[in-house]
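S.K.: Below is the file target.csv, with CSV, N, CA and C atoms and all ligand atoms.
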```
chain,number,residue,atom,x,y,z
A,1,MET,N,37.4,76.6,54.2
A,1,MET,CA,36.8,76.8,52.9
A,1,MET,C,35.8,75.8,52.6
A,2,ARG,N,34.6,76.2,52.2
A,2,ARG,CA,33.5,75.3,51.9
A,2,ARG,C,33.5,75.0,50.4
A,3,THR,N,33.4,73.8,50.0
A,3,THR,CA,33.2,73.5,48.6
A,3,THR,C,32.0,72.6,48.4
A,4,ASN,N,31.5,72.5,47.2
A,4,ASN,CA,30.4,71.6,47.0
A,4,ASN,C,30.8,70.2,46.6
A,5,SER,N,32.1,69.9,46.8
A,5,SER,CA,32.5,68.6,46.5
A,5,SER,C,31.9,67.6,47.4
A,6,ARG,N,31.7,66.4,47.0
A,6,ARG,CA,31.2,65.3,47.8
A,6,ARG,C,31.8,64.0,47.3
A,7,PRO,N,31.8,63.1,48.2
A,7,PRO,CA,32.4,61.8,47.8
A,7,PRO,C,31.6,61.1,46.7
A,8,PRO,N,32.2,60.4,45.8
A,8,PRO,CA,31.4,59.8,44.8
A,8,PRO,C,30.4,58.9,45.3
A,9,SER,N,29.2,59.0,44.8
A,9,SER,CA,28.1,58.2,45.3
A,9,SER,C,28.0,56.9,44.6
A,10,ARG,N,27.6,55.9,45.3
A,10,ARG,CA,27.5,54.6,44.7
A,10,ARG,C,26.1,54.4,44.2
A,11,GLN,N,25.9,53.9,43.0
A,11,GLN,CA,24.6,53.7,42.5
A,11,GLN,C,23.8,52.7,43.3
A,12,PRO,N,22.5,53.0,43.6
A,12,PRO,CA,21.7,52.1,44.4
A,12,PRO,C,21.6,50.8,43.5
A,13,VAL,N,21.6,49.7,44.3
A,13,VAL,CA,21.5,48.4,43.6
A,13,VAL,C,20.0,48.1,43.5
A,14,ILE,N,19.6,47.9,42.2
A,14,ILE,CA,18.2,47.6,42.0
A,14,ILE,C,18.1,46.1,41.8
A,15,ARG,N,17.4,45.5,42.7
A,15,ARG,CA,17.2,44.1,42.6
A,15,ARG,C,15.9,43.8,41.9
A,16,ARG,N,16.0,43.0,40.9
A,16,ARG,CA,14.7,42.6,40.2
A,16,ARG,C,14.1,41.4,41.0
A,17,PRO,N,12.8,41.4,41.0
A,17,PRO,CA,12.1,40.3,41.7
A,17,PRO,C,12.6,38.9,41.1
A,18,SER,N,13.0,38.0,41.9
A,18,SER,CA,13.5,36.8,41.3
A,18,SER,C,12.5,36.0,40.6
A,19,ILE,N,12.9,35.5,39.4
A,19,ILE,CA,12.0,34.7,38.6
A,19,ILE,C,12.4,33.3,38.8
A,20,GLY,N,11.4,32.5,39.1
A,20,GLY,CA,11.7,31.0,39.4
A,20,GLY,C,12.4,30.8,40.7
A,21,ALA,N,11.6,30.7,41.7
A,21,ALA,CA,12.2,30.6,43.1
A,21,ALA,C,13.0,29.3,43.2
A,22,SER,N,12.8,28.4,42.3
A,22,SER,CA,13.5,27.1,42.4
A,22,SER,C,14.9,27.1,41.9
A,23,ALA,N,15.3,28.3,41.3
A,23,ALA,CA,16.7,28.4,40.8
A,23,ALA,C,17.7,28.2,42.0
A,24,GLY,N,18.8,27.7,41.7
A,24,GLY,CA,19.8,27.4,42.7
A,24,GLY,C,20.2,28.7,43.5
A,25,VAL,N,20.1,28.6,44.8
A,25,VAL,CA,20.4,29.8,45.7
A,25,VAL,C,21.8,30.2,45.5
A,26,ASN,N,22.7,29.2,45.6
A,26,ASN,CA,24.1,29.6,45.5
A,26,ASN,C,24.5,30.3,44.2
A,27,LYS,N,23.8,29.8,43.1
A,27,LYS,CA,24.0,30.4,41.8
A,27,LYS,C,23.6,31.9,41.8
A,28,ARG,N,22.4,32.1,42.4
A,28,ARG,CA,21.8,33.4,42.4
A,28,ARG,C,22.7,34.4,43.2
A,29,ILE,N,23.2,33.9,44.3
A,29,ILE,CA,24.1,34.7,45.2
A,29,ILE,C,25.3,35.1,44.4
A,30,ALA,N,25.9,34.1,43.7
A,30,ALA,CA,27.1,34.4,42.9
A,30,ALA,C,26.8,35.4,41.8
A,31,LEU,N,25.6,35.3,41.1
A,31,LEU,CA,25.3,36.3,40.1
A,31,LEU,C,25.1,37.7,40.7
A,32,MET,N,24.4,37.7,41.9
A,32,MET,CA,24.2,39.0,42.5
A,32,MET,C,25.5,39.6,42.9
A,33,THR,N,26.4,38.8,43.4
A,33,THR,CA,27.7,39.4,43.8
A,33,THR,C,28.4,40.0,42.6
A,34,VAL,N,28.4,39.4,41.5
A,34,VAL,CA,29.0,39.9,40.3
A,34,VAL,C,28.2,41.2,39.9
A,35,ALA,N,26.9,41.1,39.9
A,35,ALA,CA,26.1,42.3,39.5
A,35,ALA,C,26.4,43.5,40.4
A,36,VAL,N,26.7,43.3,41.7
A,36,VAL,CA,27.0,44.4,42.6
A,36,VAL,C,28.4,44.8,42.4
A,37,ALA,N,29.4,43.9,42.4
A,37,ALA,CA,30.8,44.2,42.4
A,37,ALA,C,31.2,44.8,41.1
A,38,LEU,N,30.7,44.4,39.9
A,38,LEU,CA,31.2,44.8,38.6
A,38,LEU,C,31.0,46.3,38.4
A,39,PRO,N,29.7,46.8,38.6
A,39,PRO,CA,29.5,48.3,38.4
A,39,PRO,C,30.4,49.1,39.3
A,40,VAL,N,30.6,48.7,40.5
A,40,VAL,CA,31.4,49.5,41.5
A,40,VAL,C,32.8,49.6,41.0
A,41,ALA,N,33.3,48.4,40.5
A,41,ALA,CA,34.7,48.4,40.0
A,41,ALA,C,34.8,49.2,38.7
A,42,LEU,N,33.9,49.1,37.8
A,42,LEU,CA,33.9,49.8,36.6
A,42,LEU,C,33.7,51.3,36.8
A,43,GLY,N,32.7,51.6,37.7
A,43,GLY,CA,32.4,53.0,38.0
A,43,GLY,C,33.7,53.7,38.5
A,44,GLY,N,34.4,53.0,39.4
A,44,GLY,CA,35.6,53.6,40.0
A,44,GLY,C,36.6,53.9,38.9
A,45,GLN,N,36.7,53.0,38.0
A,45,GLN,CA,37.7,53.2,36.9
A,45,GLN,C,37.3,54.3,36.0
A,46,ILE,N,36.0,54.4,35.7
A,46,ILE,CA,35.6,55.5,34.8
A,46,ILE,C,35.8,56.8,35.4
A,47,ALA,N,35.4,56.9,36.7
A,47,ALA,CA,35.6,58.2,37.4
A,47,ALA,C,37.1,58.6,37.4
A,48,ALA,N,37.9,57.6,37.7
A,48,ALA,CA,39.3,57.9,37.8
A,48,ALA,C,39.9,58.3,36.5
A,49,SER,N,39.5,57.8,35.4
A,49,SER,CA,40.0,58.1,34.1
A,49,SER,C,39.4,59.4,33.4
A,50,GLY,N,38.1,59.6,33.7
A,50,GLY,CA,37.4,60.7,33.1
A,50,GLY,C,37.5,62.0,33.8
A,51,ALA,N,37.5,62.0,35.1
A,51,ALA,CA,37.6,63.2,35.9
A,51,ALA,C,38.9,63.9,35.7
A,52,ALA,N,38.9,65.2,35.7
A,52,ALA,CA,40.1,65.9,35.6
A,52,ALA,C,40.0,67.3,36.3
A,53,THR,N,41.1,68.0,36.3
A,53,THR,CA,41.1,69.4,36.9
A,53,THR,C,41.3,70.3,35.7
A,54,ARG,N,40.4,71.2,35.5
A,54,ARG,CA,40.5,72.2,34.4
A,54,ARG,C,40.5,73.6,35.0
A,55,THR,N,41.0,74.5,34.2
A,55,THR,CA,41.1,75.9,34.7
A,55,THR,C,40.3,76.9,33.8
A,56,VAL,N,39.5,77.7,34.4
A,56,VAL,CA,38.9,78.9,33.7
A,56,VAL,C,39.6,80.1,34.3
A,57,THR,N,40.2,80.9,33.3
A,57,THR,CA,41.0,82.1,33.7
A,57,THR,C,40.1,83.3,33.5
A,58,LEU,N,40.1,84.2,34.5
A,58,LEU,CA,39.4,85.4,34.5
A,58,LEU,C,40.4,86.5,34.2
A,59,LYS,N,40.3,87.0,32.9
A,59,LYS,CA,41.3,88.0,32.5
A,59,LYS,C,40.7,88.8,31.4
A,60,ASP,N,41.1,90.1,31.3
A,60,ASP,CA,40.6,91.0,30.3
A,60,ASP,C,39.0,91.0,30.2
A,61,ILE,N,38.4,91.0,31.4
A,61,ILE,CA,37.0,91.1,31.6
A,61,ILE,C,36.3,90.0,30.8
A,62,ALA,N,36.8,88.7,30.9
A,62,ALA,CA,36.2,87.6,30.2
A,62,ALA,C,36.6,86.3,30.9
A,63,PHE,N,35.8,85.3,30.7
A,63,PHE,CA,36.1,84.0,31.2
A,63,PHE,C,36.8,83.2,30.0
A,64,SER,N,37.9,82.5,30.3
A,64,SER,CA,38.5,81.8,29.2
A,64,SER,C,38.9,80.4,29.7
A,65,PRO,N,38.4,79.3,29.1
A,65,PRO,CA,37.5,79.4,27.9
A,65,PRO,C,36.1,79.8,28.4
A,66,LYS,N,35.3,80.3,27.4
A,66,LYS,CA,34.0,80.7,27.8
A,66,LYS,C,33.1,79.5,27.9
A,67,LYS,N,33.3,78.5,27.1
A,67,LYS,CA,32.6,77.2,27.3
A,67,LYS,C,33.5,76.1,27.5
A,68,LEU,N,33.3,75.4,28.6
A,68,LEU,CA,34.1,74.3,29.0
A,68,LEU,C,33.4,73.0,29.1
A,69,SER,N,33.8,71.9,28.4
A,69,SER,CA,33.2,70.6,28.6
A,69,SER,C,34.0,69.7,29.4
A,70,ILE,N,33.4,69.1,30.4
A,70,ILE,CA,34.2,68.3,31.3
A,70,ILE,C,33.4,67.0,31.6
A,71,SER,N,34.2,66.0,32.2
A,71,SER,CA,33.5,64.8,32.6
A,71,SER,C,33.0,64.9,34.0
A,72,LYS,N,32.0,64.2,34.3
A,72,LYS,CA,31.4,64.2,35.6
A,72,LYS,C,32.5,63.9,36.7
A,73,GLY,N,32.5,64.7,37.7
A,73,GLY,CA,33.5,64.4,38.8
A,73,GLY,C,34.7,65.3,38.7
A,74,SER,N,34.7,66.1,37.6
A,74,SER,CA,35.9,67.0,37.3
A,74,SER,C,35.9,68.2,38.2
A,75,LYS,N,37.0,68.7,38.5
A,75,LYS,CA,37.2,69.9,39.2
A,75,LYS,C,37.5,71.1,38.3
A,76,VAL,N,36.9,72.2,38.5
A,76,VAL,CA,37.2,73.4,37.7
A,76,VAL,C,37.7,74.5,38.7
A,77,THR,N,38.9,75.0,38.3
A,77,THR,CA,39.5,76.1,39.1
A,77,THR,C,39.3,77.4,38.4
A,78,PHE,N,38.7,78.3,39.1
A,78,PHE,CA,38.6,79.7,38.5
A,78,PHE,C,39.8,80.5,39.0
A,79,ALA,N,40.6,80.9,38.1
A,79,ALA,CA,41.8,81.7,38.4
A,79,ALA,C,41.6,83.1,38.1
A,80,PHE,N,41.7,84.0,39.1
A,80,PHE,CA,41.5,85.4,39.0
A,80,PHE,C,42.8,86.1,38.6
A,81,ARG,N,42.9,86.5,37.3
A,81,ARG,CA,44.2,87.0,36.8
A,81,ARG,C,43.9,88.3,36.0
A,82,ASP,N,43.1,89.2,36.6
A,82,ASP,CA,42.8,90.5,35.9
A,82,ASP,C,43.3,91.7,36.6
A,83,GLY,N,44.5,91.6,37.2
A,83,GLY,CA,45.1,92.7,37.8
A,83,GLY,C,44.2,93.2,39.0
A,84,SER,N,44.0,94.5,39.0
A,84,SER,CA,43.2,95.1,40.1
A,84,SER,C,41.7,95.0,39.8
A,85,THR,N,41.3,94.5,38.6
A,85,THR,CA,39.9,94.4,38.3
A,85,THR,C,39.2,93.2,39.0
A,86,ALA,N,38.3,93.5,39.9
A,86,ALA,CA,37.6,92.4,40.6
A,86,ALA,C,36.5,91.7,39.8
A,87,HIS,N,36.3,90.4,40.0
A,87,HIS,CA,35.3,89.7,39.3
A,87,HIS,C,34.6,88.8,40.3
A,88,ASN,N,33.4,88.4,40.0
A,88,ASN,CA,32.8,87.3,40.8
A,88,ASN,C,32.3,86.2,39.8
A,89,VAL,N,31.9,85.1,40.4
A,89,VAL,CA,31.4,84.0,39.5
A,89,VAL,C,30.0,83.6,40.1
A,90,ILE,N,28.9,84.1,39.5
A,90,ILE,CA,27.6,83.8,40.0
A,90,ILE,C,26.9,82.8,39.2
A,91,SER,N,26.6,81.7,39.8
A,91,SER,CA,25.9,80.6,39.1
A,91,SER,C,24.4,80.9,39.0
A,92,SER,N,23.9,80.7,37.8
A,92,SER,CA,22.4,80.9,37.5
A,92,SER,C,21.9,79.9,36.7
A,93,GLY,N,20.6,79.8,36.6
A,93,GLY,CA,19.9,78.8,35.7
A,93,GLY,C,19.5,77.6,36.5
A,94,ALA,N,19.1,76.6,35.8
A,94,ALA,CA,18.5,75.4,36.4
A,94,ALA,C,19.6,74.6,37.2
A,95,LYS,N,20.8,74.5,36.6
A,95,LYS,CA,21.9,73.7,37.3
A,95,LYS,C,22.8,74.8,37.9
A,96,ARG,N,23.1,74.6,39.2
A,96,ARG,CA,24.0,75.6,39.8
A,96,ARG,C,25.1,75.0,40.6
A,97,PHE,N,26.1,75.8,40.8
A,97,PHE,CA,27.2,75.5,41.7
A,97,PHE,C,27.3,76.6,42.7
A,98,LYS,N,28.1,76.5,43.7
A,98,LYS,CA,28.2,77.5,44.7
A,98,LYS,C,29.0,78.7,44.1
A,99,SER,N,28.4,79.9,44.1
A,99,SER,CA,29.0,81.1,43.6
A,99,SER,C,30.2,81.5,44.3
A,100,ILE,N,31.0,82.3,43.6
A,100,ILE,CA,32.3,82.8,44.2
A,100,ILE,C,32.2,84.3,44.3
A,101,SER,N,32.4,84.9,45.5
A,101,SER,CA,32.2,86.3,45.7
A,101,SER,C,33.4,87.1,45.0
A,102,ALA,N,33.2,88.4,44.9
A,102,ALA,CA,34.2,89.2,44.1
A,102,ALA,C,35.5,89.2,44.8
A,103,ARG,N,36.5,89.1,43.9
A,103,ARG,CA,37.9,89.1,44.3
A,103,ARG,C,38.8,89.4,43.1
A,104,THR,N,40.1,89.8,43.4
A,104,THR,CA,41.0,90.2,42.4
A,104,THR,C,42.1,89.2,42.1
A,105,SER,N,42.3,88.3,43.0
A,105,SER,CA,43.4,87.4,42.8
A,105,SER,C,43.1,86.0,43.5
A,106,GLY,N,44.1,85.1,43.3
A,106,GLY,CA,43.9,83.8,43.8
A,106,GLY,C,43.0,83.0,42.9
A,107,SER,N,42.5,81.9,43.5
A,107,SER,CA,41.7,81.0,42.7
A,107,SER,C,40.7,80.2,43.7
A,108,ARG,N,39.6,79.8,43.1
A,108,ARG,CA,38.6,79.0,43.8
A,108,ARG,C,38.2,77.8,42.9
A,109,SER,N,38.0,76.7,43.5
A,109,SER,CA,37.7,75.5,42.8
A,109,SER,C,36.3,75.0,43.1
A,110,ARG,N,35.7,74.4,42.1
A,110,ARG,CA,34.4,73.7,42.3
A,110,ARG,C,34.4,72.4,41.6
A,111,THR,N,33.8,71.4,42.3
A,111,THR,CA,33.8,70.1,41.7
A,111,THR,C,32.4,69.8,41.2
A,112,PHE,N,32.3,69.3,40.0
A,112,PHE,CA,31.0,69.0,39.3
A,112,PHE,C,30.7,67.5,39.3
A,113,SER,N,29.8,67.1,40.2
A,113,SER,CA,29.6,65.7,40.3
A,113,SER,C,28.3,65.3,39.6
A,114,ARG,N,27.6,66.2,39.0
A,114,ARG,CA,26.3,65.9,38.3
A,114,ARG,C,26.4,66.4,36.9
A,115,THR,N,25.8,65.7,36.0
A,115,THR,CA,25.8,66.1,34.6
A,115,THR,C,24.8,67.3,34.4
A,116,GLY,N,25.1,68.0,33.3
A,116,GLY,CA,24.2,69.2,33.0
A,116,GLY,C,25.0,70.3,32.5
A,117,THR,N,24.3,71.4,32.2
A,117,THR,CA,24.9,72.7,31.7
A,117,THR,C,24.8,73.7,32.8
A,118,TYR,N,25.9,74.2,33.2
A,118,TYR,CA,26.0,75.2,34.3
A,118,TYR,C,26.3,76.5,33.8
A,119,ARG,N,25.4,77.5,33.9
A,119,ARG,CA,25.7,78.8,33.4
A,119,ARG,C,26.1,79.7,34.5
A,120,TYR,N,27.0,80.6,34.2
A,120,TYR,CA,27.4,81.6,35.2
A,120,TYR,C,27.8,82.9,34.6
A,121,SER,N,28.0,83.9,35.4
A,121,SER,CA,28.4,85.2,34.9
A,121,SER,C,29.1,86.0,36.0
A,122,CYS,N,29.7,87.0,35.6
A,122,CYS,CA,30.2,88.0,36.6
A,122,CYS,C,29.2,89.1,36.6
A,123,THR,N,28.6,89.4,37.7
A,123,THR,CA,27.5,90.4,37.7
A,123,THR,C,28.1,91.8,37.7
A,124,LEU,N,29.4,91.9,37.9
A,124,LEU,CA,30.0,93.3,37.9
A,124,LEU,C,30.3,93.8,36.4
A,125,HIS,N,30.3,92.8,35.5
A,125,HIS,CA,30.6,93.2,34.1
A,125,HIS,C,29.6,92.6,33.1
A,126,PRO,N,28.6,93.4,32.7
A,126,PRO,CA,27.6,92.9,31.8
A,126,PRO,C,28.2,92.2,30.5
A,127,GLY,N,27.7,91.0,30.2
A,127,GLY,CA,28.2,90.3,29.1
A,127,GLY,C,29.4,89.3,29.4
A,128,MET,N,29.9,89.4,30.6
A,128,MET,CA,31.0,88.5,31.0
A,128,MET,C,30.3,87.3,31.6
A,129,SER,N,30.2,86.2,30.7
A,129,SER,CA,29.5,85.0,31.2
A,129,SER,C,30.2,83.8,30.6
A,130,GLY,N,29.8,82.7,31.1
A,130,GLY,CA,30.4,81.4,30.6
A,130,GLY,C,29.5,80.2,31.0
A,131,ARG,N,29.9,79.1,30.5
A,131,ARG,CA,29.1,77.9,30.9
A,131,ARG,C,30.0,76.7,30.9
A,132,ILE,N,29.6,75.7,31.7
A,132,ILE,CA,30.3,74.5,31.9
A,132,ILE,C,29.4,73.4,31.6
A,133,VAL,N,29.8,72.5,30.7
A,133,VAL,CA,28.9,71.4,30.3
A,133,VAL,C,29.5,70.1,30.9
A,134,VAL,N,28.8,69.5,31.8
A,134,VAL,CA,29.3,68.3,32.5
A,134,VAL,C,28.6,67.1,31.8
A,135,ARG,N,29.4,66.1,31.3
A,135,ARG,CA,28.9,64.9,30.7
A,135,ARG,C,29.2,63.7,31.5
B,201,CU,CU,33.8,90.7,36.1
```
Translate the structure of the given file into structure tokens.
Ligand SMILES: [Cu+2]

M.R.:
Amino acid sequence: MRTNSRPPSRQPVIRRPSIGASAGVNKRIALMTVAVALPVALGGQIAASGAATRTVTLKDIAFSPKKLSISKGSKVTFAFRDGSTAHNVISSGAKRFKSISARTSGSRSRTFSRTGTYRYSCTLHPGMSGRIVVR
């Protein structure tokens, strides 16, 4: 099974041009170490506490909830629970995730590692749509 999940990316370290070349080298190295280590440590903590697994249920020819707000890095499981009625999940718009082909049962998960609004619909049932807002 292929998913669009990817390992959390580390922010590129932007080094500002050093001002005052006479500043103590050891001091600068120490400051740079803190500058690099701190965001990595904090970032890991934020991702661990904010990310979650949420479920969108496909039932009665609708997505429930229709609008879902999640934290960056969260996983969304689409659960197909509409008896013999098949549905698909087709991502459309500027922000997209990997679409899910038509099925009647089981579940498929997608991980959202980038912020934005992701619109999707079931192309088999006009008006059956939803969106996921990643913050
Ligand atoms: Cu459908």

S.K.: Which protein, DNA or RNA residues have an atom within 8 Å of ligand CU 201 (chain B), counting all atoms listed in the file, as a PyMOL selection string?

M.R.: chain A and resi 58+60-63+85-89+121-126+128-129

S.K.: Can you pull out every residue within 7 Å of Arg54 (chain A), counting all atoms listed in the file, but drop anything in the same chain fewer than 6 positions away, and send it as a list in words?

M.R.: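 Everything that qualifies: Ser74, Lys75, Val76, Thr77 and Phe78 of chain A.
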
S.K.: Env of Phe112 (chain A): 10 Å cut, atoms = only C-alpha atoms, seq-sep filter 3 positions within chain, self excluded. Answer as JSON, numbers by chain.

M.R.: {"A": [4, 5, 6, 51, 70, 71, 72, 73, 74, 75, 76, 96, 97, 109, 115, 116, 118, 132, 133, 134, 135]}

S.K.: Interatomic distance between CA of Phe80 (chain A) and CA of Arg103 (chain A)?

M.R.: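 So the answer is 7.4 Å.
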
S.K.: So how far away is atom N of Lys67 (chain A) from atom C of Ile90 (chain A), in Å?

M.R.: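 A separation of 14.3 Å between them.
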
S.K.: Can you tell me how far atom N of Asp82 (chain A) sits from atom C of Thr57 (chain A), in Å to one decimal?

M.R.: 7.3 Å

S.K.: Please give the complete set of residues from region 34-125 of chain A that DSSP, run on the backbone, assigns to alpha helix (DSSP H), formatted as a list of chain:residue names.

M.R.: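 DSSP-assigned alpha helix (DSSP H) residues in region 34-125 of chain A: A:Val34, A:Ala35, A:Val36, A:Ala37, A:Leu38, A:Pro39, A:Val40, A:Ala41, A:Leu42, A:Gly43, A:Gly44, A:Gln45, A:Ile46, A:Ala47, A:Ala48, A:Ser49, A:Gly50.
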
S.K.: Using all atoms listed in the file, can you tell me which of A:Arg114, A:Ser107, A:Tyr120, A:Val56 comes closest to Ser91 (chain A)?

M.R.: A:Tyr120

S.K.: Have a look at A:Ser69, A:Ser64, A:Thr53, A:Ser84 and name the one nearest to Ser105 (chain A); count only C-alpha atoms.

M.R.: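 The closest residue to Ser105 (chain A) is A:Ser84.
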